[in-house]
Structure formats: structure tokens, C-alpha cells
Amino acid sequence: MKLRTLVFLNAFAVGISIGLVNYYFQQNWFYFAIALGISTAVSYLVFYFLIEKYVYSKIKIIYKMIHSLKLGKDLKDALGEYVSPDPINDVEQEVKEWARDKKSEIDNLKKQEKFRREFLSNISHEFKTPLFAIEGYVDALMDGGMDDPEQAQSFLKKVARNVERLSFLIKDLNEISKLESGEIPINYQKFELTALIKEVIEALELKAKKYKISITFKGKYQQSTWVEADREKIRQVLVNLIDNSFKYGKENGFTSITIFELHDQYLIEITDNGIGIEEKYLPRLFERFYRTDTSRSRQIGGSGLGLAIVKHIVEAHNQTINVRSTEGLGSTFGFTIQKYRDTRINIPLLNLIEVTKS
């Protein structure tokens with residue numbers, strides 16, 4: 001309701017009241033009309049002045065503040081000062097929307113704070129474990145362990161393993177921070193996806209034998225699978241996912257890689273018949289340092305950042321990654337990659353000339 005309508009209704013109610021009182025004593029409709037008109041007009045002027053000065057102006061200021069906060073500084077400067085034609089009604093709606101936005105923002109901040117606490121706790125634990133181990137072995141060597149060459153050699157090997165673990169952790173942390181900040185560019189190039197997968201399988205054959213797992217590549221297509229992406233980063237995605245299937249696979253199990261052709265993408269799936277993952281853990285699986293089985297994860301090793309790095313690389317390509325899993329049966333990780341799009345115009349005559357020249 002607009003201010004003038006509101007003031008008039010209040011003034012008219014006062015005018016009716018005074019007019020009725022006047023009619024009660026005078027018993028004359030003429031004087032009733034005069035009393036009604038004068039009291040309504042005077043009440044209207046008085047109410048309008050008082051409400052405008054002490055109420056309405058304050059509501060407009062509150063509305064402007066909320067509206068400006070919602071818009072933000074840049075958008076506010078672009079649009080200029082906005083004055084609602086009916087701030088009394090609009091301010092209620094603005095306050096409700098603003099309250100919803102703030103509640104959502106607070107909820108997100110709480111989630112981020114929880115994530116930050118978990119991240120700091122996890123990273124301190126990840127660093128603390130190898131550092132304490134190194135410190136223990138070094139102290140043992142300094143306290144006489146060097147007198148026994150065989151024992152000293154064993155301790156030094158364990159120190160080397162923990163130093164290597166720290167090195168991997170620092171390297172992965174540095175890489176994921178650069179991926180998040182966009183410091184590592186995506187170097188798009190045309191390459192053959194099937195050939196890359198075969199290269200990765202050959203490179204991981206020895207590791208597969210160590211875990212007693214067989215790798216199969218289910219290539220269904222006779223034609224080439226040309227894609228447009230960063231070849232080395234996609235190689236890293238494949239290595240991390242296949243390596244992950246080894247670590248959480250079963251002895252004498254398998255890892256299979258399959259390519260599915262979509263409209264303008266390829267879907268690559270890496271499937272294993274390992275221990276699987278409970279459904280409740282799946283939404284957090286790509287978080288940094290998140291482990292579903294802490295004890296087994298620490299025995300296996302790794303930085304705990306592999307899947308987080310995979311997710312960042314895939315999303316940096318504007319593609320998607322997903323996981324489905326059944327506990328005790330195995331897991332399937334799938335990600336999409338953009339097909340190579342030949343932007344040349346397909347004109348037979350030009351193609352014929354090109355072939356003739358070559």
C-alpha cells in the first residue's frame with residue numbers, strides 16, 4: 001500500500017469519528033459533512049507530515065541499505081540510486097530475501113569452516129606421521145644404531161621411505177594449490193585417446209603385477225578417438241585412477257578401462273572388482289585427504305590428494321567426473337573428455353586439391 005493511500009485511510013477514519021461525534025450532539029447532516037471534511041483534511045496533512053518525516057523516510061533509508069547490500073557495490077554504481085515506488089511493501093519482501101541469502105551464506109561459511117578445520121587436522125596428521133617416524137629412526141641411529149651396520153641400513157631405508165612420502169605430499173599439495181588458483185594452464189592439443197590409454201597401461205604393467213591385478217582395455221571402436229585436451233594432464237588423471245584401483249583392488253582381481261562414445265564427448269570408465277565404497281562416503285570422495293578406510297589407506301601410502309587432483313584437472317577442462325560403487329563388489333570412476341572438433345569447412349573440391357598437392 002502506498003503512503004498517500006495509507007495516510008488518507010487513517011485521516012478518513014479520524015474524520016468519520018469526529019463527524020459522528022458532531023452528529024450525535026448537533027443532529028444535523030450538514031455539520032456532520034463539514035466536520036468530516038475539515039477533520040479529514042487536517043488529519044491527512046498532519047499524518048502525512050509526521051509519517052513522512054519520522055517513519056516513511058526511515059523505511060526508505062532501510063530499504064536503500066538492504067537493496068544496496070543485495071546488489072553489491074559494482075552493480076549499484078552501474079544502476080545508480082534506486083528508489084522503490086512502494087518501499088513499505090517492498091521492504092518486507094527485500095528483508096525476507098536478504099535474510100534467506102544471509103542464511104544461505106552463513107550455512108556455506110559454516111561448511112567452509114568445518115572443511116578448513118578438517119583440512120588442517122588432516123594435513124597436520126599427514127605431515128606428523130612420517131616426521132615422527134623419521135625422528136624416531138634418526139634418534140635410534142644417533143643412540144648407537146650405527147654400531148650395527150645391518151640395523152642401521154634397515155633404519156635408513158625406512159627413513160628414505162618416509163622422506164619420499166613427505167616429498168610426494170609436498171609435491172601434490174603444491175600441484176593442487178596451483179590447480180585451484182589457475183596457475184597451471186591447460187594446454188589444449190589434439191591427440192589420440194586410445195593410444196594414450198595404451199601407453200598408460202604399458203607404464204603400469206609392473207605395478208599391476210606387484211598388486212596381482214590384470215588390466216584390460218575394452219576398446220570397441222575401430223576408428224580413431226581423437227580428443228582435444230591437455231595430454232599430460234589427462235595422462236595424470238588416468239594414472240591416478242588406475243593406480244587407485246590397484247591400491248583398493250583385490251588380489252588376483254582386475255581393472256578394466258572402457259571408452260564410450262557420447263554426442264560430442266568420450267566417457268572413459270575405470271572399473272575394478274575391489275573392496276568398494278559405502279554409499280555414504282561417495283559425496284566426499286574427491287575431498288583433499290578424505291579417506292574411507294584410514295587404517296588401510298595409511299598402510300597403502302600415498303598423499304591422499306590423488307582424487308582431489310583428478311577432480312580439479314577434469315573440471316579445469318570443463319568436463320565432469322563421477323563415481324559409483326558397491327561395497328564388496330568394486331568401484332567405477334568415469335570422466336568425460338571433449339572430442340576433437342575439426343573447424344575446417346568440408347568442401348570436396350578443396351579436399352581433393354589438398355590431397356593432390358600432398
# chains A, B, ... in the order shown; residues from 1 in each chain; ligands from 1
>>> residues_around(residues="Ser167 of chain A", least_positions_apart="3", cutoff="12 Å", atoms="only C-alpha atoms", output="list in words")
Glu126, Phe127, Pro130, Leu131, Ala160, Arg161, Asn162, Val163, Glu164, Ile170, Lys171, Asp172, Leu173, Asn174, Gly302 and Ser303 of chain A
>>> write_last_selection(atoms="C-alpha atoms", output="compact mmCIF listing (two decimals), in the first residue's frame")
# COMPACT_ATOMS: atom_id res chain seq x y z
CA GLU A 126 49.76 -36.42 7.25
CA PHE A 127 52.95 -34.48 7.97
CA PRO A 130 56.31 -39.51 8.58
CA LEU A 131 58.12 -36.78 10.54
CA ALA A 160 64.16 -42.85 2.99
CA ARG A 161 60.60 -44.20 2.55
CA ASN A 162 59.18 -41.59 4.91
CA VAL A 163 61.17 -38.80 3.24
CA GLU A 164 59.79 -39.97 -0.11
CA ILE A 170 54.51 -31.57 -0.67
CA LYS A 171 54.53 -32.06 -4.44
CA ASP A 172 50.81 -32.93 -4.52
CA LEU A 173 49.91 -30.05 -2.21
CA ASN A 174 51.82 -27.64 -4.43
CA GLY A 302 50.00 -42.02 -0.98
CA SER A 303 49.33 -38.40 -0.19
>>> closest_atom_pairs(of="segment 244-283 of chain A", to="segment 206-214 of chain A", cutoff="6 Å", atoms="only C-alpha atoms", output="CSV")
residue,atom,partner,partner_atom,distance
A:Glu251,CA,A:Lys212,CA,5.5
A:Asn252,CA,A:Lys212,CA,5.0
A:Gly253,CA,A:Ile213,CA,5.0
A:Phe254,CA,A:Ser214,CA,4.7
>>> write_last_selection(atoms="N, CA and C atoms", output="PDB file, in the first residue's frame")
ATOM      1  N   GLU A 251      43.332 -59.071  -4.495  1.00  0.00           N
ATOM      2  CA  GLU A 251      44.392 -59.885  -5.068  1.00  0.00           C
ATOM      3  C   GLU A 251      43.793 -60.792  -6.143  1.00  0.00           C
ATOM      4  N   ASN A 252      44.530 -60.900  -7.279  1.00  0.00           N
ATOM      5  CA  ASN A 252      44.073 -61.646  -8.457  1.00  0.00           C
ATOM      6  C   ASN A 252      42.784 -61.045  -9.044  1.00  0.00           C
ATOM      7  N   GLY A 253      42.571 -59.753  -8.797  1.00  0.00           N
ATOM      8  CA  GLY A 253      41.408 -59.068  -9.342  1.00  0.00           C
ATOM      9  C   GLY A 253      41.697 -58.456 -10.701  1.00  0.00           C
ATOM     10  N   PHE A 254      40.850 -57.558 -11.125  1.00  0.00           N
ATOM     11  CA  PHE A 254      41.045 -56.942 -12.439  1.00  0.00           C
ATOM     12  C   PHE A 254      40.729 -55.448 -12.384  1.00  0.00           C
TER      13      PHE A 254
END
>>> select_by_dssp(residues="segment 85-290 of chain A", states="helix (DSSP H, G or I)", output="compact mmCIF listing (two decimals) with N, CA and C atoms, in the first residue's frame")
# COMPACT_ATOMS: atom_id res chain seq x y z
N PRO A 87 8.06 1.43 -1.05
CA PRO A 87 9.02 0.77 -0.17
C PRO A 87 8.39 0.08 1.03
N ILE A 88 7.18 0.53 1.46
CA ILE A 88 6.55 -0.12 2.62
C ILE A 88 6.27 -1.59 2.33
N ASN A 89 5.77 -1.89 1.13
CA ASN A 89 5.54 -3.29 0.75
C ASN A 89 6.84 -3.98 0.35
N ASP A 90 7.65 -3.24 -0.42
CA ASP A 90 8.86 -3.86 -0.96
C ASP A 90 9.88 -4.18 0.11
N VAL A 91 9.93 -3.37 1.16
CA VAL A 91 10.95 -3.61 2.19
C VAL A 91 10.74 -4.95 2.87
N GLU A 92 9.48 -5.36 3.04
CA GLU A 92 9.22 -6.67 3.65
C GLU A 92 9.77 -7.79 2.79
N GLN A 93 9.51 -7.68 1.47
CA GLN A 93 10.00 -8.70 0.55
C GLN A 93 11.52 -8.70 0.49
N GLU A 94 12.09 -7.48 0.46
CA GLU A 94 13.55 -7.36 0.41
C GLU A 94 14.19 -7.95 1.65
N VAL A 95 13.60 -7.68 2.81
CA VAL A 95 14.15 -8.20 4.07
C VAL A 95 14.09 -9.72 4.08
N LYS A 96 12.99 -10.30 3.61
CA LYS A 96 12.86 -11.76 3.58
C LYS A 96 13.90 -12.38 2.66
N GLU A 97 14.04 -11.78 1.47
CA GLU A 97 15.03 -12.30 0.52
C GLU A 97 16.44 -12.14 1.06
N TRP A 98 16.70 -10.99 1.64
CA TRP A 98 18.03 -10.71 2.21
C TRP A 98 18.33 -11.69 3.34
N ALA A 99 17.33 -11.97 4.17
CA ALA A 99 17.50 -12.92 5.28
C ALA A 99 17.80 -14.32 4.76
N ARG A 100 17.08 -14.73 3.68
CA ARG A 100 17.35 -16.05 3.08
C ARG A 100 18.76 -16.13 2.53
N ASP A 101 19.18 -15.05 1.83
CA ASP A 101 20.53 -15.04 1.26
C ASP A 101 21.58 -15.11 2.36
N LYS A 102 21.36 -14.34 3.43
CA LYS A 102 22.34 -14.32 4.51
C LYS A 102 22.40 -15.68 5.22
N LYS A 103 21.24 -16.31 5.37
CA LYS A 103 21.22 -17.63 6.00
C LYS A 103 21.99 -18.63 5.15
N SER A 104 21.77 -18.57 3.83
CA SER A 104 22.50 -19.46 2.93
C SER A 104 24.00 -19.18 2.98
N GLU A 105 24.35 -17.89 3.04
CA GLU A 105 25.76 -17.51 3.12
C GLU A 105 26.40 -18.00 4.41
N ILE A 106 25.67 -17.87 5.52
CA ILE A 106 26.18 -18.34 6.82
C ILE A 106 26.35 -19.85 6.81
N ASP A 107 25.39 -20.56 6.22
CA ASP A 107 25.50 -22.02 6.13
C ASP A 107 26.72 -22.43 5.33
N ASN A 108 26.97 -21.72 4.22
CA ASN A 108 28.15 -22.02 3.40
C ASN A 108 29.43 -21.73 4.16
N LEU A 109 29.43 -20.62 4.91
CA LEU A 109 30.62 -20.28 5.71
C LEU A 109 30.88 -21.32 6.79
N LYS A 110 29.81 -21.84 7.38
CA LYS A 110 29.97 -22.89 8.39
C LYS A 110 30.56 -24.15 7.77
N LYS A 111 30.06 -24.50 6.57
CA LYS A 111 30.60 -25.67 5.87
C LYS A 111 32.08 -25.47 5.55
N GLN A 112 32.41 -24.26 5.07
CA GLN A 112 33.81 -23.97 4.74
C GLN A 112 34.69 -24.01 5.99
N GLU A 113 34.16 -23.50 7.10
CA GLU A 113 34.92 -23.52 8.35
C GLU A 113 35.14 -24.96 8.81
N LYS A 114 34.11 -25.80 8.68
CA LYS A 114 34.26 -27.20 9.04
C LYS A 114 35.28 -27.88 8.14
N PHE A 115 35.20 -27.59 6.84
CA PHE A 115 36.16 -28.15 5.89
C PHE A 115 37.57 -27.69 6.21
N ARG A 116 37.72 -26.40 6.56
CA ARG A 116 39.05 -25.87 6.88
C ARG A 116 39.63 -26.57 8.11
N ARG A 117 38.79 -26.77 9.15
CA ARG A 117 39.27 -27.44 10.35
C ARG A 117 39.70 -28.88 10.05
N GLU A 118 38.86 -29.57 9.25
CA GLU A 118 39.20 -30.95 8.89
C GLU A 118 40.47 -30.99 8.05
N PHE A 119 40.59 -30.02 7.14
CA PHE A 119 41.78 -29.98 6.28
C PHE A 119 43.04 -29.76 7.10
N LEU A 120 43.00 -28.79 8.02
CA LEU A 120 44.17 -28.52 8.86
C LEU A 120 44.51 -29.73 9.73
N SER A 121 43.47 -30.37 10.26
CA SER A 121 43.69 -31.56 11.08
C SER A 121 44.32 -32.68 10.26
N ASN A 122 43.79 -32.88 9.05
CA ASN A 122 44.31 -33.94 8.18
C ASN A 122 45.74 -33.68 7.74
N ILE A 123 45.99 -32.42 7.32
CA ILE A 123 47.32 -32.13 6.80
C ILE A 123 48.38 -32.20 7.91
N SER A 124 48.01 -31.78 9.13
CA SER A 124 48.95 -31.88 10.25
C SER A 124 49.25 -33.35 10.56
N HIS A 125 48.20 -34.19 10.46
CA HIS A 125 48.39 -35.63 10.71
C HIS A 125 49.24 -36.26 9.62
N GLU A 126 48.99 -35.86 8.37
CA GLU A 126 49.76 -36.42 7.25
C GLU A 126 51.24 -36.09 7.36
N PHE A 127 51.55 -34.87 7.80
CA PHE A 127 52.95 -34.48 7.97
C PHE A 127 53.54 -35.09 9.23
N LYS A 128 52.73 -35.15 10.28
CA LYS A 128 53.23 -35.60 11.58
C LYS A 128 53.67 -37.06 11.54
N THR A 129 52.91 -37.91 10.85
CA THR A 129 53.20 -39.35 10.85
C THR A 129 54.60 -39.65 10.29
N PRO A 130 54.95 -39.21 9.07
CA PRO A 130 56.31 -39.51 8.58
C PRO A 130 57.40 -38.76 9.35
N LEU A 131 57.10 -37.54 9.80
CA LEU A 131 58.12 -36.78 10.54
C LEU A 131 58.48 -37.46 11.86
N PHE A 132 57.47 -37.95 12.58
CA PHE A 132 57.74 -38.67 13.83
C PHE A 132 58.52 -39.95 13.57
N ALA A 133 58.18 -40.63 12.46
CA ALA A 133 58.90 -41.86 12.11
C ALA A 133 60.37 -41.55 11.81
N ILE A 134 60.60 -40.50 11.02
CA ILE A 134 61.98 -40.10 10.70
C ILE A 134 62.74 -39.73 11.96
N GLU A 135 62.08 -38.94 12.82
CA GLU A 135 62.71 -38.52 14.07
C GLU A 135 63.09 -39.72 14.94
N GLY A 136 62.20 -40.72 15.00
CA GLY A 136 62.47 -41.91 15.81
C GLY A 136 63.65 -42.71 15.29
N TYR A 137 63.70 -42.92 13.96
CA TYR A 137 64.80 -43.69 13.38
C TYR A 137 66.13 -42.94 13.50
N VAL A 138 66.11 -41.62 13.31
CA VAL A 138 67.34 -40.83 13.45
C VAL A 138 67.84 -40.88 14.89
N ASP A 139 66.95 -40.74 15.85
CA ASP A 139 67.36 -40.83 17.26
C ASP A 139 67.96 -42.19 17.57
N ALA A 140 67.34 -43.25 17.01
CA ALA A 140 67.86 -44.60 17.24
C ALA A 140 69.26 -44.75 16.65
N LEU A 141 69.48 -44.17 15.48
CA LEU A 141 70.82 -44.23 14.87
C LEU A 141 71.84 -43.46 15.69
N MET A 142 71.44 -42.31 16.19
CA MET A 142 72.36 -41.49 16.98
C MET A 142 72.65 -42.12 18.35
N GLY A 145 72.71 -46.92 17.08
CA GLY A 145 72.25 -47.76 15.99
C GLY A 145 73.27 -47.91 14.88
N MET A 146 74.20 -46.97 14.75
CA MET A 146 75.22 -47.04 13.71
C MET A 146 76.23 -48.15 13.98
N ASP A 147 76.28 -48.65 15.23
CA ASP A 147 77.23 -49.72 15.57
C ASP A 147 76.85 -51.03 14.91
N PRO A 149 75.70 -52.30 11.53
CA PRO A 149 75.51 -51.88 10.13
C PRO A 149 74.21 -52.39 9.51
N GLU A 150 73.84 -53.63 9.83
CA GLU A 150 72.62 -54.20 9.25
C GLU A 150 71.38 -53.46 9.73
N GLN A 151 71.33 -53.19 11.04
CA GLN A 151 70.20 -52.45 11.60
C GLN A 151 70.18 -51.01 11.09
N ALA A 152 71.38 -50.40 11.00
CA ALA A 152 71.47 -49.02 10.51
C ALA A 152 70.95 -48.92 9.08
N GLN A 153 71.29 -49.93 8.25
CA GLN A 153 70.82 -49.95 6.87
C GLN A 153 69.29 -50.05 6.81
N SER A 154 68.71 -50.88 7.71
CA SER A 154 67.26 -51.02 7.76
C SER A 154 66.59 -49.71 8.16
N PHE A 155 67.16 -49.04 9.18
CA PHE A 155 66.61 -47.76 9.63
C PHE A 155 66.68 -46.71 8.53
N LEU A 156 67.80 -46.68 7.82
CA LEU A 156 67.99 -45.66 6.76
C LEU A 156 66.99 -45.88 5.62
N LYS A 157 66.69 -47.16 5.31
CA LYS A 157 65.70 -47.43 4.27
C LYS A 157 64.32 -46.92 4.69
N LYS A 158 63.99 -47.12 5.98
CA LYS A 158 62.70 -46.65 6.47
C LYS A 158 62.63 -45.12 6.49
N VAL A 159 63.77 -44.49 6.84
CA VAL A 159 63.83 -43.02 6.78
C VAL A 159 63.62 -42.54 5.35
N ALA A 160 64.27 -43.23 4.40
CA ALA A 160 64.16 -42.85 2.99
C ALA A 160 62.71 -42.96 2.51
N ARG A 161 61.99 -44.03 2.95
CA ARG A 161 60.60 -44.20 2.55
C ARG A 161 59.72 -43.07 3.08
N ASN A 162 59.96 -42.67 4.33
CA ASN A 162 59.18 -41.59 4.91
C ASN A 162 59.52 -40.24 4.30
N VAL A 163 60.78 -40.04 3.94
CA VAL A 163 61.17 -38.80 3.24
C VAL A 163 60.49 -38.75 1.87
N GLU A 164 60.45 -39.90 1.20
CA GLU A 164 59.79 -39.97 -0.11
C GLU A 164 58.30 -39.65 0.03
N ARG A 165 57.68 -40.15 1.11
CA ARG A 165 56.26 -39.86 1.35
C ARG A 165 56.04 -38.37 1.57
N LEU A 166 56.93 -37.74 2.34
CA LEU A 166 56.84 -36.29 2.55
C LEU A 166 57.01 -35.54 1.24
N SER A 167 57.93 -36.01 0.41
CA SER A 167 58.18 -35.36 -0.87
C SER A 167 56.95 -35.42 -1.77
N PHE A 168 56.31 -36.62 -1.82
CA PHE A 168 55.09 -36.76 -2.62
C PHE A 168 53.98 -35.84 -2.08
N LEU A 169 53.87 -35.77 -0.76
CA LEU A 169 52.83 -34.96 -0.14
C LEU A 169 53.00 -33.49 -0.49
N ILE A 170 54.23 -32.99 -0.37
CA ILE A 170 54.51 -31.57 -0.67
C ILE A 170 54.29 -31.30 -2.16
N LYS A 171 54.71 -32.23 -2.99
CA LYS A 171 54.53 -32.06 -4.44
C LYS A 171 53.05 -31.98 -4.81
N ASP A 172 52.25 -32.91 -4.23
CA ASP A 172 50.81 -32.93 -4.52
C ASP A 172 50.11 -31.70 -3.98
N LEU A 173 50.50 -31.26 -2.78
CA LEU A 173 49.91 -30.05 -2.21
C LEU A 173 50.20 -28.84 -3.09
N ASN A 174 51.43 -28.76 -3.56
CA ASN A 174 51.82 -27.64 -4.43
C ASN A 174 51.04 -27.67 -5.73
N GLU A 175 50.86 -28.89 -6.27
CA GLU A 175 50.15 -29.01 -7.54
C GLU A 175 48.67 -28.65 -7.39
N ILE A 176 48.04 -29.13 -6.31
CA ILE A 176 46.61 -28.87 -6.14
C ILE A 176 46.36 -27.39 -5.85
N SER A 177 47.28 -26.74 -5.15
CA SER A 177 47.12 -25.30 -4.89
C SER A 177 47.24 -24.51 -6.18
N LYS A 178 48.14 -24.93 -7.08
CA LYS A 178 48.29 -24.25 -8.37
C LYS A 178 47.09 -24.50 -9.26
N LEU A 179 46.55 -25.72 -9.20
CA LEU A 179 45.34 -26.01 -9.99
C LEU A 179 44.17 -25.17 -9.52
N GLU A 180 44.02 -25.02 -8.21
CA GLU A 180 42.90 -24.24 -7.67
C GLU A 180 43.03 -22.76 -8.01
N SER A 181 44.26 -22.26 -8.01
CA SER A 181 44.47 -20.83 -8.29
C SER A 181 44.56 -20.54 -9.78
N LEU A 193 43.20 -40.63 -28.06
CA LEU A 193 42.93 -41.09 -26.70
C LEU A 193 43.29 -42.57 -26.51
N THR A 194 42.95 -43.41 -27.48
CA THR A 194 43.24 -44.84 -27.35
C THR A 194 44.73 -45.09 -27.20
N ALA A 195 45.53 -44.36 -27.98
CA ALA A 195 46.99 -44.52 -27.90
C ALA A 195 47.50 -44.12 -26.51
N LEU A 196 46.94 -43.04 -25.96
CA LEU A 196 47.37 -42.60 -24.63
C LEU A 196 47.03 -43.65 -23.57
N ILE A 197 45.84 -44.23 -23.65
CA ILE A 197 45.44 -45.25 -22.66
C ILE A 197 46.37 -46.46 -22.74
N LYS A 198 46.73 -46.86 -23.97
CA LYS A 198 47.65 -47.99 -24.12
C LYS A 198 49.02 -47.67 -23.53
N GLU A 199 49.48 -46.43 -23.70
CA GLU A 199 50.76 -46.02 -23.11
C GLU A 199 50.72 -46.11 -21.59
N VAL A 200 49.63 -45.63 -21.00
CA VAL A 200 49.49 -45.66 -19.54
C VAL A 200 49.45 -47.10 -19.03
N ILE A 201 48.74 -47.98 -19.75
CA ILE A 201 48.65 -49.40 -19.33
C ILE A 201 50.04 -50.04 -19.36
N GLU A 202 50.81 -49.77 -20.42
CA GLU A 202 52.16 -50.32 -20.52
C GLU A 202 53.05 -49.82 -19.38
N ALA A 203 52.90 -48.53 -19.03
CA ALA A 203 53.72 -47.96 -17.96
C ALA A 203 53.38 -48.54 -16.59
N GLU A 205 52.17 -51.71 -16.06
CA GLU A 205 52.12 -53.17 -16.07
C GLU A 205 52.86 -53.79 -14.89
N LEU A 206 54.06 -53.29 -14.59
CA LEU A 206 54.84 -53.83 -13.47
C LEU A 206 54.12 -53.61 -12.14
N LYS A 207 53.53 -52.45 -11.98
CA LYS A 207 52.79 -52.17 -10.76
C LYS A 207 51.58 -53.08 -10.64
N ALA A 208 50.93 -53.36 -11.75
CA ALA A 208 49.77 -54.26 -11.74
C ALA A 208 50.19 -55.66 -11.29
N LYS A 209 51.36 -56.13 -11.77
CA LYS A 209 51.86 -57.44 -11.37
C LYS A 209 52.18 -57.47 -9.87
N LYS A 210 52.70 -56.35 -9.35
CA LYS A 210 53.01 -56.26 -7.92
C LYS A 210 51.75 -56.45 -7.08
N ARG A 231 47.20 -33.29 -22.96
CA ARG A 231 47.57 -34.73 -22.98
C ARG A 231 48.22 -35.18 -21.68
N GLU A 232 49.16 -34.41 -21.18
CA GLU A 232 49.88 -34.82 -19.97
C GLU A 232 48.99 -34.83 -18.74
N LYS A 233 48.05 -33.89 -18.69
CA LYS A 233 47.15 -33.86 -17.53
C LYS A 233 46.13 -35.01 -17.59
N ILE A 234 45.68 -35.33 -18.79
CA ILE A 234 44.78 -36.49 -18.92
C ILE A 234 45.55 -37.78 -18.61
N ARG A 235 46.82 -37.82 -18.97
CA ARG A 235 47.65 -38.96 -18.58
C ARG A 235 47.69 -39.09 -17.06
N GLN A 236 47.85 -37.95 -16.37
CA GLN A 236 47.88 -37.95 -14.90
C GLN A 236 46.56 -38.44 -14.32
N VAL A 237 45.45 -38.03 -14.93
CA VAL A 237 44.13 -38.49 -14.48
C VAL A 237 44.03 -40.01 -14.60
N LEU A 238 44.42 -40.55 -15.74
CA LEU A 238 44.37 -41.99 -15.97
C LEU A 238 45.27 -42.74 -15.00
N VAL A 239 46.50 -42.25 -14.82
CA VAL A 239 47.44 -42.90 -13.91
C VAL A 239 46.90 -42.93 -12.49
N ASN A 240 46.38 -41.78 -12.03
CA ASN A 240 45.86 -41.71 -10.66
C ASN A 240 44.68 -42.65 -10.45
N LEU A 241 43.75 -42.68 -11.42
CA LEU A 241 42.56 -43.53 -11.27
C LEU A 241 42.91 -45.02 -11.35
N ILE A 242 43.80 -45.38 -12.28
CA ILE A 242 44.19 -46.79 -12.40
C ILE A 242 45.01 -47.21 -11.17
N ASP A 243 45.91 -46.35 -10.74
CA ASP A 243 46.71 -46.64 -9.54
C ASP A 243 45.79 -46.79 -8.31
N ASN A 244 44.77 -45.97 -8.24
CA ASN A 244 43.81 -46.05 -7.14
C ASN A 244 43.07 -47.40 -7.16
N SER A 245 42.76 -47.89 -8.38
CA SER A 245 42.08 -49.19 -8.49
C SER A 245 42.99 -50.33 -8.05
N PHE A 246 44.32 -50.17 -8.23
CA PHE A 246 45.27 -51.19 -7.75
C PHE A 246 45.28 -51.22 -6.23
N LYS A 247 45.37 -50.05 -5.63
CA LYS A 247 45.53 -49.95 -4.18
C LYS A 247 44.33 -50.53 -3.43
N GLU A 279 28.05 -46.18 0.19
CA GLU A 279 27.37 -45.08 -0.50
C GLU A 279 27.49 -43.76 0.26
N LYS A 280 27.49 -43.81 1.59
CA LYS A 280 27.54 -42.58 2.39
C LYS A 280 28.86 -41.83 2.21
N TYR A 281 29.91 -42.53 1.76
CA TYR A 281 31.21 -41.88 1.59
C TYR A 281 31.38 -41.23 0.22
N LEU A 282 30.56 -41.61 -0.75
CA LEU A 282 30.76 -41.18 -2.14
C LEU A 282 30.76 -39.66 -2.33
N PRO A 283 29.84 -38.89 -1.68
CA PRO A 283 29.82 -37.44 -1.93
C PRO A 283 31.12 -36.73 -1.53
N ARG A 284 31.88 -37.30 -0.59
CA ARG A 284 33.09 -36.64 -0.10
C ARG A 284 34.37 -37.26 -0.65
>>> closest_residue(among="A:Phe32, A:Lys218, A:Phe8, A:Val227", to="Thr258 of chain A", atoms="only C-alpha atoms")
A:Lys218
>>> residues_around(residues="Leu9 of chain A", least_positions_apart="5", cutoff="10 Å", atoms="only C-alpha atoms", output="list of chain:residue names")
A:Arg4, A:Val14, A:Gly15, A:Thr40, A:Tyr44
>>> closest_residue(among="A:Val323, A:Leu20, A:Ile270, A:Ala229", to="Ile337 of chain A", atoms="only C-alpha atoms")
A:Ala229
>>> residues_around(residues="Lys339 of chain A", least_positions_apart="2", cutoff="8 Å", atoms="only C-alpha atoms", output="CSV table (one decimal) with N, CA, C and O atoms, in the first residue's frame")
chain,number,residue,atom,x,y,z
A,225,THR,N,40.0,-42.3,-31.9
A,225,THR,CA,39.3,-41.5,-30.9
A,225,THR,C,40.1,-40.2,-30.6
A,225,THR,O,40.8,-40.1,-29.6
A,226,TRP,N,40.0,-39.3,-31.5
A,226,TRP,CA,40.7,-38.0,-31.4
A,226,TRP,C,40.0,-37.1,-30.4
A,226,TRP,O,38.8,-36.9,-30.5
A,227,VAL,N,40.8,-36.5,-29.5
A,227,VAL,CA,40.2,-35.6,-28.5
A,227,VAL,C,41.0,-34.3,-28.4
A,227,VAL,O,42.1,-34.3,-29.0
A,228,GLU,N,40.4,-33.4,-27.7
A,228,GLU,CA,41.1,-32.1,-27.6
A,228,GLU,C,41.2,-31.8,-26.1
A,228,GLU,O,40.2,-31.5,-25.4
A,264,ASP,N,29.3,-35.3,-28.2
A,264,ASP,CA,30.5,-34.6,-28.6
A,264,ASP,C,31.6,-34.8,-27.5
A,264,ASP,O,32.5,-34.0,-27.4
A,265,GLN,N,31.5,-35.9,-26.8
A,265,GLN,CA,32.5,-36.3,-25.8
A,265,GLN,C,32.7,-37.8,-25.9
A,265,GLN,O,32.0,-38.6,-26.5
A,266,TYR,N,33.8,-38.2,-25.2
A,266,TYR,CA,34.0,-39.6,-24.9
A,266,TYR,C,33.9,-39.7,-23.4
A,266,TYR,O,34.4,-38.8,-22.6
A,337,ILE,N,35.6,-36.4,-21.7
A,337,ILE,CA,36.7,-35.6,-22.4
A,337,ILE,C,36.1,-35.2,-23.7
A,337,ILE,O,35.4,-35.9,-24.4
A,341,ARG,N,37.1,-31.3,-32.5
A,341,ARG,CA,36.2,-30.7,-33.4
A,341,ARG,C,37.0,-30.1,-34.6
A,341,ARG,O,37.7,-29.1,-34.4
>>> closest_residue(among="A:Val42, A:Ile268, A:Leu262, A:Leu307", to="Asn10 of chain A", atoms="only C-alpha atoms")
A:Val42
>>> closest_residue(among="A:Lys311, A:Leu267, A:Tyr48, A:Gln27", to="Thr5 of chain A", atoms="only C-alpha atoms")
A:Tyr48
